[in-house]
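See below for start19.txt, which holds compact mmCIF, C-alpha atoms and all ligand atoms.
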```
# COMPACT_ATOMS: atom_id res chain seq x y z
CA MET A 1 0.00 0.00 0.00
CA LEU A 2 1.09 3.57 -0.57
CA ASP A 3 2.11 5.83 2.31
CA VAL A 4 0.05 8.76 1.04
CA MET A 5 1.01 11.21 3.77
CA ARG A 6 4.70 10.52 3.11
CA ILE A 7 4.13 10.89 -0.67
CA ARG A 8 2.37 14.24 -0.18
CA GLU A 9 5.54 15.69 1.36
CA ASP A 10 7.17 15.35 -2.08
CA PHE A 11 4.56 17.58 -3.73
CA PRO A 12 5.12 21.21 -2.70
CA ILE A 13 2.03 22.45 -4.58
CA LEU A 14 -0.32 20.39 -2.40
CA ALA A 15 0.68 22.18 0.80
CA GLN A 16 -1.29 25.33 0.00
CA GLU A 17 -4.69 26.76 0.73
CA VAL A 18 -7.06 27.73 -2.06
CA ASN A 19 -9.85 30.14 -1.21
CA GLY A 20 -9.03 29.72 2.48
CA HIS A 21 -9.23 25.90 2.43
CA PRO A 22 -6.57 23.20 2.04
CA LEU A 23 -6.18 22.41 -1.66
CA VAL A 24 -7.92 19.16 -2.62
CA TYR A 25 -6.61 18.43 -6.09
CA LEU A 26 -8.94 16.02 -7.89
CA ASP A 27 -8.20 16.91 -11.52
CA ASN A 28 -5.53 14.32 -12.17
CA ALA A 29 -7.02 13.04 -15.41
CA ALA A 30 -6.30 16.50 -16.85
CA THR A 31 -2.77 16.68 -15.49
CA THR A 32 -0.98 15.49 -12.38
CA GLN A 33 1.16 17.45 -9.95
CA LYS A 34 4.94 17.09 -9.98
CA PRO A 35 7.06 15.79 -7.12
CA ARG A 36 10.08 17.75 -5.93
CA GLN A 37 12.29 15.11 -7.59
CA VAL A 38 10.96 16.05 -11.04
CA ILE A 39 11.15 19.80 -10.39
CA GLU A 40 14.72 19.42 -9.13
CA ALA A 41 15.71 17.30 -12.13
CA LEU A 42 14.48 20.09 -14.39
CA VAL A 43 16.41 22.77 -12.50
CA ARG A 44 19.51 20.56 -12.25
CA TYR A 45 19.49 20.00 -16.00
CA TYR A 46 19.48 23.75 -16.70
CA GLU A 47 22.03 24.48 -13.98
CA THR A 48 24.52 21.75 -14.89
CA THR A 49 23.91 20.16 -18.27
CA ASN A 50 22.03 22.33 -20.75
CA ALA A 51 23.27 21.67 -24.32
CA ASN A 52 21.79 20.53 -27.61
CA ILE A 53 21.78 16.78 -28.11
CA HIS A 54 23.06 14.33 -30.73
CA ARG A 55 25.07 16.90 -32.71
CA GLY A 56 27.71 18.06 -30.25
CA ILE A 57 30.90 16.36 -29.20
CA HIS A 58 31.69 18.57 -26.22
CA THR A 59 31.18 17.23 -22.71
CA LEU A 60 27.85 18.93 -21.96
CA ALA A 61 26.36 17.84 -25.28
CA VAL A 62 27.42 14.25 -24.65
CA ARG A 63 26.00 14.39 -21.11
CA ALA A 64 22.68 15.84 -22.30
CA THR A 65 22.45 13.22 -25.05
CA GLU A 66 23.14 10.41 -22.60
CA GLN A 67 20.46 11.64 -20.19
CA TYR A 68 17.91 12.14 -22.98
CA GLU A 69 18.53 8.62 -24.32
CA ALA A 70 18.50 7.17 -20.79
CA THR A 71 14.91 8.45 -20.46
CA ARG A 72 14.03 6.58 -23.63
CA ASP A 73 15.38 3.41 -22.00
CA ALA A 74 13.34 4.14 -18.85
CA VAL A 75 10.16 4.64 -20.90
CA ALA A 76 10.76 1.35 -22.74
CA THR A 77 11.15 -0.42 -19.38
CA HIS A 78 8.02 1.26 -17.96
CA ILE A 79 5.83 -0.11 -20.78
CA GLY A 80 7.58 -3.45 -21.30
CA ALA A 81 8.99 -2.53 -24.73
CA ILE A 82 11.82 -4.74 -26.01
CA ASN A 83 13.66 -1.96 -27.88
CA ALA A 84 14.17 1.62 -26.78
CA SER A 85 14.44 2.47 -30.49
CA ASP A 86 10.70 1.77 -30.82
CA VAL A 87 9.99 4.69 -28.48
CA VAL A 88 9.53 8.13 -30.10
CA PHE A 89 9.32 11.33 -28.08
CA THR A 90 6.57 13.70 -29.19
CA ARG A 91 4.89 16.68 -27.51
CA ASN A 92 1.89 14.76 -26.13
CA THR A 93 -0.56 11.93 -26.81
CA THR A 94 -2.29 14.11 -29.38
CA GLU A 95 0.88 14.50 -31.43
CA SER A 96 1.65 10.77 -31.14
CA ILE A 97 -1.76 9.92 -32.63
CA ASN A 98 -1.39 12.55 -35.36
CA LEU A 99 2.01 11.07 -36.20
CA VAL A 100 0.44 7.65 -36.80
CA ALA A 101 -2.54 9.07 -38.71
CA ARG A 102 -0.12 10.87 -41.04
CA ALA A 103 2.95 8.70 -41.30
CA TRP A 104 1.18 5.32 -41.19
CA GLY A 105 -2.29 6.37 -42.31
CA ASP A 106 -1.31 8.22 -45.48
CA GLU A 107 0.58 5.15 -46.67
CA HIS A 108 -1.92 2.42 -45.77
CA VAL A 109 -5.42 3.92 -45.80
CA GLY A 110 -7.18 4.49 -49.13
CA GLU A 111 -10.58 5.29 -50.54
CA GLY A 112 -13.39 3.24 -48.98
CA ASP A 113 -11.09 1.79 -46.31
CA GLU A 114 -12.43 1.84 -42.77
CA ILE A 115 -11.04 3.31 -39.57
CA VAL A 116 -12.67 1.94 -36.40
CA LEU A 117 -12.84 4.16 -33.30
CA SER A 118 -15.28 4.16 -30.38
CA LEU A 119 -17.86 6.55 -28.97
CA MET A 120 -15.78 7.00 -25.80
CA GLU A 121 -12.72 8.48 -27.53
CA HIS A 122 -11.05 11.72 -26.56
CA HIS A 123 -11.13 14.24 -29.41
CA SER A 124 -7.41 13.65 -29.91
CA ASN A 125 -8.26 10.10 -30.98
CA ILE A 126 -11.05 11.23 -33.32
CA VAL A 127 -10.02 14.38 -35.15
CA PRO A 128 -6.68 13.09 -36.59
CA TRP A 129 -8.63 10.17 -38.11
CA GLN A 130 -11.32 12.48 -39.47
CA LEU A 131 -8.57 14.47 -41.19
CA LEU A 132 -7.06 11.26 -42.59
CA ALA A 133 -10.50 10.04 -43.72
CA ARG A 134 -11.07 13.36 -45.51
CA ARG A 135 -7.65 13.23 -47.21
CA LYS A 136 -8.17 9.67 -48.39
CA GLY A 137 -11.92 9.20 -48.80
CA ALA A 138 -11.91 6.62 -45.98
CA VAL A 139 -14.86 5.84 -43.72
CA LEU A 140 -15.05 6.17 -39.92
CA ARG A 141 -16.88 3.60 -37.81
CA TYR A 142 -17.59 3.94 -34.09
CA ILE A 143 -17.93 1.09 -31.60
CA ASN A 144 -20.97 1.65 -29.35
CA VAL A 145 -20.82 2.18 -25.62
CA THR A 146 -23.23 0.11 -23.48
CA ASP A 147 -25.49 1.57 -20.80
CA GLU A 148 -22.95 0.32 -18.24
CA GLY A 149 -20.28 2.49 -19.87
CA GLU A 150 -18.33 -0.33 -21.50
CA LEU A 151 -17.43 -0.95 -25.13
CA ASP A 152 -19.99 -3.12 -26.90
CA LEU A 153 -17.73 -5.96 -28.01
CA ASP A 154 -20.39 -7.61 -30.18
CA HIS A 155 -20.67 -4.35 -32.06
CA ALA A 156 -16.86 -4.17 -32.31
CA ARG A 157 -16.82 -7.69 -33.76
CA ALA A 158 -19.47 -6.69 -36.29
CA LEU A 159 -17.67 -3.48 -37.30
CA ILE A 160 -14.12 -4.79 -37.65
CA GLY A 161 -13.86 -6.53 -41.00
CA PRO A 162 -11.94 -6.87 -44.25
CA ARG A 163 -12.20 -3.12 -45.02
CA THR A 164 -10.77 -2.15 -41.62
CA LYS A 165 -7.24 -0.77 -41.83
CA ILE A 166 -6.79 0.54 -38.31
CA VAL A 167 -8.62 0.30 -35.00
CA SER A 168 -7.82 3.08 -32.56
CA VAL A 169 -9.29 2.86 -29.07
CA VAL A 170 -8.72 4.29 -25.63
CA HIS A 171 -7.29 1.97 -22.96
CA MET A 172 -8.89 3.79 -20.02
CA SER A 173 -11.64 6.34 -20.56
CA ASN A 174 -10.89 9.83 -19.26
CA VAL A 175 -14.62 10.30 -18.57
CA LEU A 176 -16.00 6.95 -17.40
CA GLY A 177 -12.79 5.41 -16.10
CA THR A 178 -13.63 2.22 -18.04
CA ILE A 179 -10.68 -0.07 -18.72
CA ASN A 180 -11.23 -1.50 -22.18
CA PRO A 181 -10.21 -5.04 -23.23
CA VAL A 182 -7.74 -3.73 -25.78
CA ALA A 183 -5.96 -7.09 -26.20
CA GLU A 184 -9.26 -8.64 -27.32
CA ILE A 185 -9.94 -5.76 -29.70
CA ALA A 186 -6.39 -5.91 -31.08
CA ALA A 187 -6.92 -9.63 -31.75
CA MET A 188 -10.11 -8.82 -33.72
CA ALA A 189 -8.17 -6.27 -35.78
CA ARG A 190 -5.25 -8.65 -36.38
CA ALA A 191 -7.63 -11.35 -37.64
CA HIS A 192 -8.52 -8.96 -40.48
CA GLY A 193 -4.98 -7.76 -41.12
CA ALA A 194 -5.65 -4.38 -39.46
CA VAL A 195 -3.39 -2.64 -36.96
CA THR A 196 -4.39 -1.27 -33.55
CA LEU A 197 -3.48 1.94 -31.80
CA VAL A 198 -4.12 2.18 -28.08
CA ASP A 199 -4.58 5.61 -26.53
CA GLY A 200 -2.80 5.07 -23.22
CA ALA A 201 -3.05 8.66 -21.95
CA GLN A 202 -5.05 7.50 -18.92
CA SER A 203 -3.71 3.97 -18.54
CA ALA A 204 0.07 4.47 -18.59
CA PRO A 205 -0.09 6.66 -15.44
CA HIS A 206 -2.34 4.31 -13.48
CA LEU A 207 -1.88 0.67 -14.58
CA PRO A 208 1.11 -1.63 -15.01
CA ILE A 209 1.59 -1.64 -18.80
CA ASP A 210 3.13 -4.33 -20.96
CA VAL A 211 2.80 -3.45 -24.62
CA SER A 212 3.75 -6.96 -25.73
CA THR A 213 0.77 -8.55 -23.93
CA LEU A 214 -1.60 -5.78 -25.08
CA GLY A 215 -1.00 -7.00 -28.62
CA CYS A 216 -1.35 -3.52 -30.08
CA ASP A 217 0.80 -2.00 -32.81
CA PHE A 218 0.98 1.56 -31.45
CA PHE A 219 0.69 2.88 -27.89
CA ALA A 220 0.50 6.62 -27.14
CA PHE A 221 0.68 8.56 -23.86
CA SER A 222 1.73 11.84 -22.20
CA ALA A 223 4.31 12.48 -19.46
CA HIS A 224 2.29 15.25 -17.80
CA LYS A 225 -0.43 12.86 -16.66
CA MET A 226 2.12 10.70 -14.81
CA LEU A 227 4.08 13.16 -12.65
CA GLY A 228 6.25 14.33 -15.57
CA PRO A 229 6.53 17.75 -17.16
CA THR A 230 4.21 19.08 -19.83
CA GLY A 231 5.40 19.03 -23.44
CA VAL A 232 6.53 15.38 -23.57
CA GLY A 233 4.57 12.62 -25.24
CA VAL A 234 5.46 9.08 -26.21
CA LEU A 235 4.66 6.93 -29.19
CA TRP A 236 5.65 3.29 -28.99
CA ALA A 237 5.42 1.17 -32.14
CA LYS A 238 5.75 -2.57 -32.57
CA PRO A 239 9.26 -3.55 -33.75
CA GLY A 240 9.70 -2.97 -37.49
CA LEU A 241 6.74 -0.59 -37.92
CA LEU A 242 8.62 2.69 -37.53
CA GLU A 243 11.31 1.60 -40.00
CA ALA A 244 8.62 1.00 -42.62
CA MET A 245 6.97 4.41 -42.10
CA GLN A 246 7.71 7.69 -43.83
CA PRO A 247 8.70 10.66 -41.61
CA PHE A 248 6.04 12.87 -40.02
CA LEU A 249 8.00 16.15 -39.78
CA GLY A 250 11.10 17.08 -41.78
CA GLY A 251 14.12 19.04 -40.58
CA GLY A 252 17.34 18.75 -38.63
CA ASP A 253 18.26 15.61 -36.71
CA MET A 254 15.90 13.33 -38.66
CA ILE A 255 18.06 13.05 -41.79
CA SER A 256 21.03 10.96 -42.87
CA VAL A 257 22.14 12.72 -46.10
CA VAL A 258 20.58 15.88 -47.58
CA ARG A 259 20.98 16.51 -51.31
CA PRO A 260 19.38 19.32 -53.37
CA GLU A 261 16.66 17.11 -54.77
CA ALA A 262 16.01 14.68 -51.90
CA SER A 263 17.24 13.38 -48.58
CA THR A 264 17.62 10.11 -46.76
CA TRP A 265 16.46 9.51 -43.21
CA ALA A 266 18.17 8.89 -39.93
CA ASP A 267 17.59 5.58 -38.20
CA VAL A 268 14.55 5.17 -35.95
CA PRO A 269 13.52 6.66 -33.63
CA HIS A 270 15.42 9.81 -34.70
CA LYS A 271 13.66 9.79 -38.08
CA PHE A 272 10.56 10.89 -36.13
CA GLU A 273 12.20 13.52 -33.91
CA ALA A 274 12.84 16.47 -36.22
CA GLY A 275 14.43 19.59 -34.77
CA THR A 276 15.56 20.27 -31.21
CA PRO A 277 13.32 18.22 -28.96
CA ASN A 278 12.07 19.08 -25.49
CA ILE A 279 15.37 17.96 -23.96
CA ALA A 280 14.94 19.34 -20.45
CA ASP A 281 11.45 17.98 -19.93
CA VAL A 282 12.30 14.58 -21.39
CA ILE A 283 15.22 14.33 -18.95
CA ALA A 284 13.04 15.40 -16.01
CA PHE A 285 10.45 12.79 -17.07
CA SER A 286 13.02 10.21 -16.08
CA ALA A 287 12.68 11.33 -12.45
CA ALA A 288 8.90 10.80 -12.71
CA LEU A 289 9.39 7.26 -14.02
CA ASP A 290 11.87 6.57 -11.19
CA TYR A 291 9.30 7.84 -8.71
CA LEU A 292 6.55 5.57 -10.05
CA LYS A 293 8.94 2.63 -10.22
CA ALA A 294 9.88 3.08 -6.56
CA LEU A 295 6.18 3.05 -5.63
CA GLY A 296 5.44 0.10 -7.91
CA MET A 297 2.65 0.36 -10.49
CA THR A 298 0.74 -2.51 -8.86
CA ASN A 299 0.63 -0.50 -5.62
CA VAL A 300 -0.46 2.60 -7.54
CA ARG A 301 -3.32 0.60 -9.05
CA GLU A 302 -4.35 -0.89 -5.68
CA HIS A 303 -4.37 2.53 -4.03
CA GLU A 304 -6.53 3.95 -6.80
CA LYS A 305 -8.98 1.07 -6.59
CA GLN A 306 -9.46 1.83 -2.90
CA ILE A 307 -9.96 5.56 -3.26
CA THR A 308 -12.16 5.15 -6.34
CA ALA A 309 -14.40 2.69 -4.48
CA ALA A 310 -14.66 5.14 -1.58
CA ALA A 311 -15.52 7.99 -3.95
CA ILE A 312 -18.16 6.00 -5.84
CA ASP A 313 -19.79 4.82 -2.59
CA ALA A 314 -19.82 8.32 -1.14
CA LEU A 315 -21.22 9.94 -4.29
CA MET A 316 -23.89 7.27 -4.80
CA ALA A 317 -25.04 7.72 -1.21
CA VAL A 318 -26.06 11.31 -2.00
CA GLU A 319 -29.59 11.64 -3.34
CA GLY A 320 -29.69 13.26 -6.75
CA ILE A 321 -26.14 12.30 -7.80
CA ARG A 322 -25.63 9.94 -10.72
CA VAL A 323 -22.25 8.28 -11.31
CA HIS A 324 -21.51 7.46 -14.96
CA GLY A 325 -19.48 4.41 -15.99
CA PRO A 326 -18.78 1.03 -14.40
CA LEU A 327 -19.20 0.85 -10.62
CA ASP A 328 -16.93 -2.17 -10.17
CA VAL A 329 -13.38 -0.90 -9.53
CA GLU A 330 -11.90 -3.99 -11.18
CA LYS A 331 -13.29 -2.66 -14.45
CA ARG A 332 -12.30 0.96 -14.07
CA GLY A 333 -9.72 3.51 -13.04
CA GLY A 334 -9.95 6.62 -10.92
CA ALA A 335 -11.67 9.11 -13.23
CA VAL A 336 -15.18 9.39 -11.74
CA SER A 337 -17.79 11.34 -13.70
CA PHE A 338 -21.04 12.33 -12.07
CA THR A 339 -24.01 14.59 -12.65
CA VAL A 340 -26.23 16.24 -10.07
CA ASP A 341 -29.98 16.56 -10.62
CA GLY A 342 -30.92 20.15 -11.39
CA ILE A 343 -27.45 21.71 -10.98
CA HIS A 344 -25.23 22.38 -13.96
CA PRO A 345 -21.73 20.83 -13.72
CA HIS A 346 -20.09 24.24 -14.15
CA ASP A 347 -22.00 25.58 -11.15
CA ILE A 348 -20.97 22.59 -9.06
CA SER A 349 -17.33 22.98 -10.06
CA THR A 350 -17.36 26.73 -9.32
CA ILE A 351 -18.90 26.25 -5.89
CA VAL A 352 -16.66 23.38 -4.73
CA ASP A 353 -13.66 25.44 -5.85
CA GLN A 354 -14.70 27.99 -3.22
CA TYR A 355 -13.96 25.21 -0.70
CA GLY A 356 -10.54 24.42 -2.21
CA VAL A 357 -11.73 21.37 -4.17
CA ALA A 358 -10.46 21.22 -7.76
CA ILE A 359 -12.63 19.08 -10.01
CA ARG A 360 -13.40 19.41 -13.70
CA ALA A 361 -16.68 20.19 -15.41
CA GLY A 362 -17.43 20.02 -19.11
CA HIS A 363 -17.42 17.58 -22.00
CA HIS A 364 -13.85 16.45 -21.20
CA CYS A 365 -12.97 16.51 -24.93
CA ALA A 366 -15.41 13.65 -25.45
CA GLN A 367 -18.44 15.17 -27.13
CA LEU A 368 -19.46 11.90 -28.82
CA LEU A 369 -19.62 10.27 -25.40
CA MET A 370 -21.61 13.16 -23.90
CA ARG A 371 -24.17 12.66 -26.66
CA ARG A 372 -24.27 8.92 -25.92
CA LEU A 373 -24.78 9.62 -22.20
CA GLU A 374 -27.41 12.22 -23.13
CA VAL A 375 -25.83 14.89 -20.95
CA PRO A 376 -24.29 18.20 -22.05
CA ALA A 377 -21.45 17.86 -19.57
CA THR A 378 -20.42 16.05 -16.38
CA ASN A 379 -18.42 16.76 -13.26
CA ARG A 380 -15.29 14.68 -12.94
CA ALA A 381 -13.19 13.91 -9.89
CA SER A 382 -10.00 12.01 -10.71
CA PHE A 383 -7.48 10.57 -8.29
CA TYR A 384 -3.79 9.82 -8.05
CA ILE A 385 -1.13 8.58 -5.67
CA TYR A 386 -1.31 11.59 -3.30
CA ASN A 387 -5.09 11.59 -2.79
CA HIS A 388 -6.63 10.10 0.34
CA THR A 389 -10.15 9.31 1.50
CA GLY A 390 -10.22 12.48 3.63
CA GLU A 391 -10.25 14.33 0.32
CA VAL A 392 -13.26 12.34 -0.85
CA GLU A 393 -14.98 13.57 2.31
CA ALA A 394 -13.92 17.14 1.50
CA LEU A 395 -15.51 16.75 -1.95
CA ILE A 396 -18.76 15.47 -0.44
CA ASP A 397 -18.80 18.35 2.10
CA ALA A 398 -18.21 20.88 -0.67
CA LEU A 399 -21.01 19.31 -2.73
CA ASP A 400 -23.25 19.66 0.28
CA HIS A 401 -22.56 23.42 0.26
CA ALA A 402 -23.50 23.50 -3.43
CA PHE A 403 -26.78 21.75 -2.67
CA ARG A 404 -27.56 24.19 0.11
CA ILE A 405 -26.80 27.23 -2.06
CA PHE A 406 -29.10 25.94 -4.80
CA HIS A 407 -31.79 24.95 -2.37
CA ARG A 408 -31.74 28.42 -0.86
CA ALA A 409 -31.85 30.01 -4.30
CA GLU A 410 -34.86 27.86 -5.18
CA SER A 411 -36.73 28.75 -1.98
CA ARG A 412 -35.99 32.43 -2.50
CA THR A 413 -37.47 32.18 -5.99
CA ALA A 414 -40.51 30.42 -4.56
CA VAL A 415 -41.04 33.13 -1.91
CA ARG A 416 -40.78 35.86 -4.50
N1 LIG B 501 -6.58 10.69 -24.68
C1 LIG B 501 -7.10 10.67 -23.45
C2 LIG B 501 -7.89 9.47 -23.02
C3 LIG B 501 -6.90 11.73 -22.59
O1 LIG B 501 -7.42 11.72 -21.35
C4 LIG B 501 -6.15 12.85 -23.04
C5 LIG B 501 -5.93 14.05 -22.14
N2 LIG B 501 -7.07 14.50 -21.47
C6 LIG B 501 -5.62 12.81 -24.32
C7 LIG B 501 -5.86 11.73 -25.12
C8 LIG B 501 -4.81 13.94 -24.86
O2 LIG B 501 -3.64 14.10 -24.14
P1 LIG B 501 -2.71 15.36 -24.43
O3 LIG B 501 -3.56 16.56 -24.21
O4 LIG B 501 -1.61 15.23 -23.43
O5 LIG B 501 -2.26 15.25 -25.84
```

Show me this structure written as structure tokens.
Amino acid sequence: MLDVMRIREDFPILAQEVNGHPLVYLDNAATTQKPRQVIEALVRYYETTNANIHRGIHTLAVRATEQYEATRDAVATHIGAINASDVVFTRNTTESINLVARAWGDEHVGEGDEIVLSLMEHHSNIVPWQLLARRKGAVLRYINVTDEGELDLDHARALIGPRTKIVSVVHMSNVLGTINPVAEIAAMARAHGAVTLVDGAQSAPHLPIDVSTLGCDFFAFSAHKMLGPTGVGVLWAKPGLLEAMQPFLGGGDMISVVRPEASTWADVPHKFEAGTPNIADVIAFSAALDYLKALGMTNVREHEKQITAAAIDALMAVEGIRVHGPLDVEKRGGAVSFTVDGIHPHDISTIVDQYGVAIRAGHHCAQLLMRRLEVPATNRASFYIYNHTGEVEALIDALDHAFRIFHRAESRTAVR
């Protein structure tokens, strides 16, 4: 089990008051806070190492290159990848998916071909495919979501067929928390010669990940949702895939020989890292991976199951609150969406913020899912390693204030 109070000491930002109350940060699905170790790694890099990588032969350039490449090794280990050279650094999950839609999609998807997504995708796993479909005259298909907030696998089986070229699905929903059976879906795709991309933006921070057992061809995630800095994303590809793909962006660092009429490409993964990358943040990401490794991802998962169960129980006990998504914590992660009868999510979020509680309200970049749930927006509380059940209680207390404010407003209207 995690020693949450000990962990909290590593996160300076958590030790503050917001609007006169201790900060209760429950917006971890949007981005997580950073431990001192990551902040210090960033400062240390600029104070001792700063230099451009790969091109220099002076000591600082060699040191920076070694640290940057060591993070690639650490990422490969974190996700069970065999080769570090199958790991590409991007800016975020969004860029990783766009890279595949362009560099793989333009080559392999043609007119009438089908791209299979689901109704619970984040916009970053929809729009790049819409752009590809428009460029190529391809067709988008969406796997349904059941009333329990899970992917309808019978529908997936019916949709994935000989015209399918790629299936791109989220591993853990940022709205419902649902953990999808991506290995099963990847097997359906493989049976028809299609490839699978897994959007791991919410799973890589919260679950032990082994890309080889997931059976997918591409896996994308962001450092900032797992204690790392913003501006660093990862794309992992199955061995051999990156070599066969054309570059995404052209420029320095990604070439071998440049001639007036054409150029040849550097080896992977550098072929996909044009220009000066986000060296400092990549290097600091290593400290985040060390931090998670020391905790153990199985312990992270167990902690989140406990706090998620406590949150779901507490929310469901309040009359007028509806929790969306699976209720069984074995089937879900710690992003808990809920709606409150008669009070708009933005109002709820604004009021609980007055009590120091940071939750999110809106469509969470998942408008197709909002339509499926038949709600314009939801509230979302999402948990991480430094949250404890006392903070669930703080959320419930703050919600109680919201109820009372609205109740009073209603009675005032009635009196008038
Ligand atoms: N997919 C999912 C499931 C997400 O939760 C997010 C971030 N909310 C993204 C993709 C996009 O991540 P980023 O903004 O870091 O590119």

Selection near Arg190 in chain A, 12 Å with only C-alpha atoms, sequence-local residues under 4 positions removed, as a list in words: Arg157, Ile160, Gly161, Pro162, Thr164, Lys165, Ile166, Val167, Val182, Ala183, Glu184, Ile185, Ala186, Ala194, Val195, Thr196, Leu197, Gly215, Cys216 and Asp217 of chain A

Atomic distance CA of His206 in chain A - CA of Ser222 in chain A, expressed in Å with one decimal: 12.2 Å

Cut-off 7 Å, all atoms listed in the file, neighbours of ligand LIG 501 (chain B) as a ChimeraX atom specification: /A:29-30,92-95,121-122,124-125,170,172-174,199-202,222,224,233

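Among A:Val375, A:Ala394, A:Ala266, A:Gly251, the residue with the shortest atom-to-atom distance to Ala311 in chain A, counting all atoms listed in the file, is A:Ala394.
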
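Across the structure, CA of Ala133 in chain A and CA of Ser118 in chain A are spaced 15.3 Å apart.
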
Nearest residue to Asp3 in chain A from the set A:Asp400, A:Glu111, A:Asn50, A:His303 (distances using all atoms listed in the file): A:His303

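A straight line drawn from CA of Leu327 in chain A to CA of Val169 in chain A is 21.0 Å long.
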
Option closest in space to Phe403 in chain A, from A:Ile351, A:Pro12, A:Thr59, A:His363 [counting all atoms listed in the file]: A:Ile351

Neighbour list for range 61-72 of chain A as a list in words, cut-off 7 Å, all atoms listed in the file, skip fewer than 5 positions in-chain: Thr49, Asn50, Ala51, Asn52, Ile53, His54, Gly56, Ala84, Val87, Ile279, Val282, Ile283 and Ser286 of chain A

Exercise: Gly334 in chain A partners within 12 Å, all atoms listed in the file, chain neighbours under 5 positions left out, as a VMD selection string: chain A and resid 26 to 29 172 to 179 202 to 203 205 to 207 300 to 312 325 to 329 380 to 385 387
